[in-house]
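The structure appears below as C-alpha cells.
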Amino acid sequence: MGAFFLSVGLIWVLGGTSVTALAYGGALLTLLLTILLAARLRSTPEADGAAVPDWSVTSAAIENRRRAVAVTDRANRVTCANTTYDSWFAADCAPTELPFDDAARQTLIDASRAAWRDGSADAEALASVTGDRRYRMSVERAGRGEDYLVWRFSEIVQERNYDGMADRIAGPVGELMSRAGVEVALVDPEGIVLSVTPGLAERSSGQAATSLIGQEFVQLLRSDDRDRIFFAREGQQGTPQTLVHVPLEAPRGTKPSDANKVLSMMLLVDSGVGIGGGWDGSGKAAIPQLEALLSALPLGLALTDRDGRFQFANKAFLRAVEREDSGLPQFPSDLVVREDKAAMADTVRRFAKGATVSGDMAVRLAGDKEEPVSIGLAGVRGLGDAAVLLSITDSTEEKRLRRQVAQATKMQAVGQLAGGVAHDFNNVLTAIIGYCDLMLLRHTPGDSDYDDIQQIKANSNRAASLTRQLLAFSRQQTLRPVVLQLPDVVSEVSQLLKRLMGDKVEFSVRHDRELGPVRADPQQLEQVIINLAVNARDAMQAHATKSGKVDWKGRLTLATRRVLARDVRKMGIDIMPANDYTVLIVQDTGGGIPAEHLNKIFEPFFTTKEQGKGTGLGLSTVYGIVKQSNGFIFADNVRGPDGAPAGARFTVYLPVHKGAMPAIQRKEEPEETTASEWSVGGKLLLVEDEDMVRAVAERALVRAGYTITTAADGEEGLAHIANGKIEFDLIVSDVVMPAMDGPAMARAIRRVKPKIPILFMSGYAEEQLRNDIDIDNMHFIPKPFSVQQISAKVAEVLAEQRKD
C-alpha cells in the first residue's frame, strides 16, 4: 500500500498536476483489484464446481437396471444418462427424439413443456415404433436454477404365470415333487426341454445331475401296445406314468399369432401316487384290469377326459372307426366328417360336464362318408380323468355284406334291363336275318347283290352274338348243362389258349387231385375260360405298354382247386353257401385291377380299354354264365413283395355235383338239310305280336310247305282254336305278348286241345322258360333264328309228334 502512495506522489511531483496523478492512481488500483479477484476465484473449489458440474457422480447415482434415466438442459441436450438409457435408446438422443410412434413423441414434447412450466409431468403406455415394447415415463425440473429436466423411463412388462418356474422346477421345489412321485418338465412350443425336476433327470438318464436341457421331451418316454407310458430308460420294467399336459397361460394382450408360442408344463404322475379321485390319480395305467376287460369285449369302447381328449380305446373301437393302423386322434371329432365335427365335439363336452346320462348320435366317419354309424355316449364318474364312455359296434362285416347285397341287387337290376334289351333286339335281328335268308334263296353266288346280302347277314349274326352275351350276363340264355370234370374243359381249350396268348405270355396249368364233378354247360365254361384268358393277355400287354417295356414277358396261370365246406365257413363269405366247390383260378402278371374298378368290372358295357377295342360285355358274360351255373366269381389283386398290385386273379367257384358221373356227350353239329327235308306237311297256327317277325316266319314256313294261320296276339290265337274250323297240328307262338302272353294262351288252348304240341319262340332262356311254364309237350327255339332253323325245328317237332 505504501508503494502505491509513493508511486502516485512521484507522478504528481514529476507531472506537476494533480489530474495526472489521480488518473495513474485509479488505473493502478483497478489492476491490483483484478489480480486479487482472479487469484481468489482460482482458489475457491465451490466456485469452480458450479462452473463445470461433475456428471460422473450423477451418472453413478442414477444407475438402474430396470429404469432408464436421462438429464437434459434447456437446449434439450442430454447432459447425463445411465447405461440402461443407452442400451434401450441412445445416450446422445434426447427423449423427445426417441424412436417412438408419432403419438408417443407428441406426448413427450407436451410433457417437456409441462415440466418446464409446472415442474413435473408423466405419461403411460408409450409405444415404440415397432410396437413390441411399451414404456411408462415421468419427468421433473431440477438443479439450483431449475435449468435441467430429469427423465425416467420404465418398461411395461406383463407378468407371466411361468416366470421363474424353470428355477423352481430345477431347485428345492422340484426335489420335493420328485420325492412325492410327480416329475415335471418345462417344455417350449417345439417340445424342447427347458427345465426338469431332479427325479426326472435321474429316471431318464440314471443321474440326477445330468442336464436334459435341449433334448426332445418325447424322446424321454415310450409307450406299449396298450398305450401306457413309461420312461424310455426303464421300459416296461418301470412303473407306468400318467402324462398331464398343462399349457401355461399366455399373458393378457398377447397377439393371436403368439398365443401358441407359450411354454407347456408336462407332469408325469407315477402309477402309485394318489392325488384324489376314483382312479387313484394314475389314469388308465393304474387299472390294467379295466383295460384288459375293455380290450376283451367285442363292443368298441373308448374313454375321453373332461376336455374331450381320448384316453383309451380297445381294438374293436379302432377297427370300427377304421383306425387300426393310424391309431386314435386327439379328439373324437377328428374321427368324423367335417359337417359332423361341431355336433360331435358339443355332445362329448355336454356328457363330460353334465349329469351321468347316456344317449347316442348318428355320424359319418371320415373314412366312410356314405355309411352313417351310431355312436353311444355315456357320462362316467369315479374313474379319475375319464368322463365320457363312447361305444360303437364293429360293423365291418355288416358293411361288407351290405355292399355285397347292394352290388348283387344292382347287378340283378342291370341284368333284367339287359335281358329286356336283348329280347327286343332279338326280334329285330330275327327279321333281318330272315329276310336275308329269303333274299339269298332268290340269288346265287356271283350275283351283284349276293355278297351284299351275305355281308348284312354276317353283321346280323355278329349282333346276335352280342345279344347272347347280354342274355348270358342276365342269366337268361339257354344252357345245356351236363355233369363234367373241370380239368377236362380246361384241357379242351388249352391248345386254343396257347395260340391266343402268343409267344410273349407263358401259359401254365395246375390241377388239384380228387376234384369233384360239376354240372355246367361245357361250351359256356369254355367261353368263360377264353374270356378271362383274353382279358388277362390284354391287361398284361396294356401294363407293359404303360410301363414303357418293349420286350415284355407275362405269365398266365390256370389252376383248379378243391375247396371243402369247412374251408368255405372259414372264409366267411355270407353270400356263398357252405358247400363243397371245385374252383377255377385264372391269374395273370399284369398291373392288377384299380380299386375303383373292382366293383364295376362285371357290369355290362364297362371297359377300361380304348374306344373301339372292347364292348364291355366279356366279363359280364362270364358273370352271367357262372351265376346261371349256380356258381360264384370273385376278382381281386395279387400283391407283390413290396405290397403293390402284381396282377389280377379271378376265382370261379362251382358247386360239386352230388351224384353219378356220366360221360360227357357233346352235341354234334346238325348236318345240312334240304328244303324238302324240312317239311313234313301240316297246319300251323303262328302267334307273334311283332309284325316283321311274324311275316318272316310265315314266309319261311309257307315256303317249306306248311299251311299257316297267323295271329297278332294270344287272344286272337285262342279265338282261332275256339272256332274249331281248323285242326292245327302245331302252335308256334311268341312268349312275351301284350294282353294275353304265350304261356297263358297255351294253358287255355290245352283245356280244349290237351295233346296239341306248342313251339315257343323267345329271346329269353329256355331253362328259365321251362321253370316258369309247366306245360307238357312244349318245345323251344331261341331268337334270332334263320329261315332254315325255324323250318328245321318245326319239322323236327312234327316228326317227333307223329312218331308218338
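A note on labels: chains of the C-alpha cells are A, B, ... as shown, every chain counts residues from 1, and ligands are counted from 1 in their shown order.
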So that I can check the surroundings of A:Arg66, please list as a PyMOL selection string every protein, DNA and RNA residue that reaches within 10 Å of it, counting only C-alpha atoms and ignoring chain neighbours fewer than 6 positions away. chain A and resi 84-85+153-155
Can you list, as a list in words, all residues belonging to stretch 519-619 of chain A that DSSP tags as strand (DSSP E or B)? Arg519, Ala520, Gly554, Arg555, Leu556, Thr557, Leu558, Ala559, Thr560, Arg561, Arg562, Val563, Tyr581, Thr582, Val583, Leu584, Ile585, Val586 and Gln587 of chain A
Separation of atom CA of A:Ala70 and atom CA of A:Asp122, in Å?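 Between atom CA of A:Ala70 and atom CA of A:Asp122 the gap is 14.4 Å.
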To one decimal place in Å, what is the distance between atom CA of A:Asp521 and atom CA of A:Ile775?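 About the pair atom CA of A:Asp521 and atom CA of A:Ile775: they are 24.1 Å apart.
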Using DSSP on the backbone coordinates, identify the residues of stretch 504-601 of chain A assigned to alpha helix (DSSP H); present them as a ChimeraX atom specification. /A:522-547,565-571
One number please: atom CA of A:Leu263 to atom CA of A:Ala201, in Å, one decimal.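 Atom CA of A:Ala201 lies 19.2 Å from atom CA of A:Leu263.
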Need the shell around A:Val563: protein/DNA/RNA residues with any atom at most 12 Å away, counting only C-alpha atoms. Skip same-chain ones fewer than 6 positions apart. Format as an MDAnalysis selection string? chainID A and resid 512:516 569:571 578:584 651:656
Return as a tab-separated table the residues of stretch 505-592 of chain A lying at most 7 Å from stretch 479-491 of chain A, together with the closest atom-to-atom pair for each and the distance in Å to one decimal, counting only C-alpha atoms, with rows in chain order and ascending residue number.
residue	atom	partner	partner_atom	distance
A:Pro517	CA	A:Gln485	CA	4.9
A:Val518	CA	A:Leu484	CA	5.6
A:Arg519	CA	A:Val483	CA	4.2
A:Ala520	CA	A:Pro481	CA	4.2
A:Asp521	CA	A:Pro481	CA	4.0
A:Pro522	CA	A:Val489	CA	6.5
A:Glu526	CA	A:Val489	CA	6.5
Looking at only C-alpha atoms, which of A:Gly763, A:Gly647, A:Pro738, A:Gly300 is the one that sits closest to A:Ala539?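 Using only C-alpha atoms, A:Ala539 sits closest to A:Gly647.
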Spatial neighbours of stretch 56-59 of chain A, 8 Å, only C-alpha atoms, chain gap at least 2 places, as a list in words: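 The residues that qualify are Asp54, Ala61, Ile62, Glu63, Cys80, Ala81 and Asn82 of chain A.
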Those selected residues, please, written with C-alpha atoms and delivered as an mmCIF file, in the first residue's frame.
data_model
loop_
_atom_site.group_PDB
_atom_site.id
_atom_site.type_symbol
_atom_site.label_atom_id
_atom_site.label_comp_id
_atom_site.auth_asym_id
_atom_site.auth_seq_id
_atom_site.Cartn_x
_atom_site.Cartn_y
_atom_site.Cartn_z
ATOM 1 C CA ASP A 54 -19.055 -33.281 -12.275
ATOM 2 C CA ALA A 61 -26.319 -42.051 -8.644
ATOM 3 C CA ILE A 62 -28.968 -42.671 -11.330
ATOM 4 C CA GLU A 63 -27.722 -46.120 -12.389
ATOM 5 C CA CYS A 80 -26.190 -37.195 -18.421
ATOM 6 C CA ALA A 81 -27.776 -40.686 -18.857
ATOM 7 C CA ASN A 82 -27.423 -44.108 -17.254
#
What lies within 10 Å of A:Val193 using only C-alpha atoms, ignoring chain neighbours under 6 positions off, as a PyMOL selection string? chain A and resi 185-187+211-218+264-266
A:His245, A:Lys553, A:His511, A:Arg179: which is nearest A:Gln541, counting only C-alpha atoms? A:Lys553
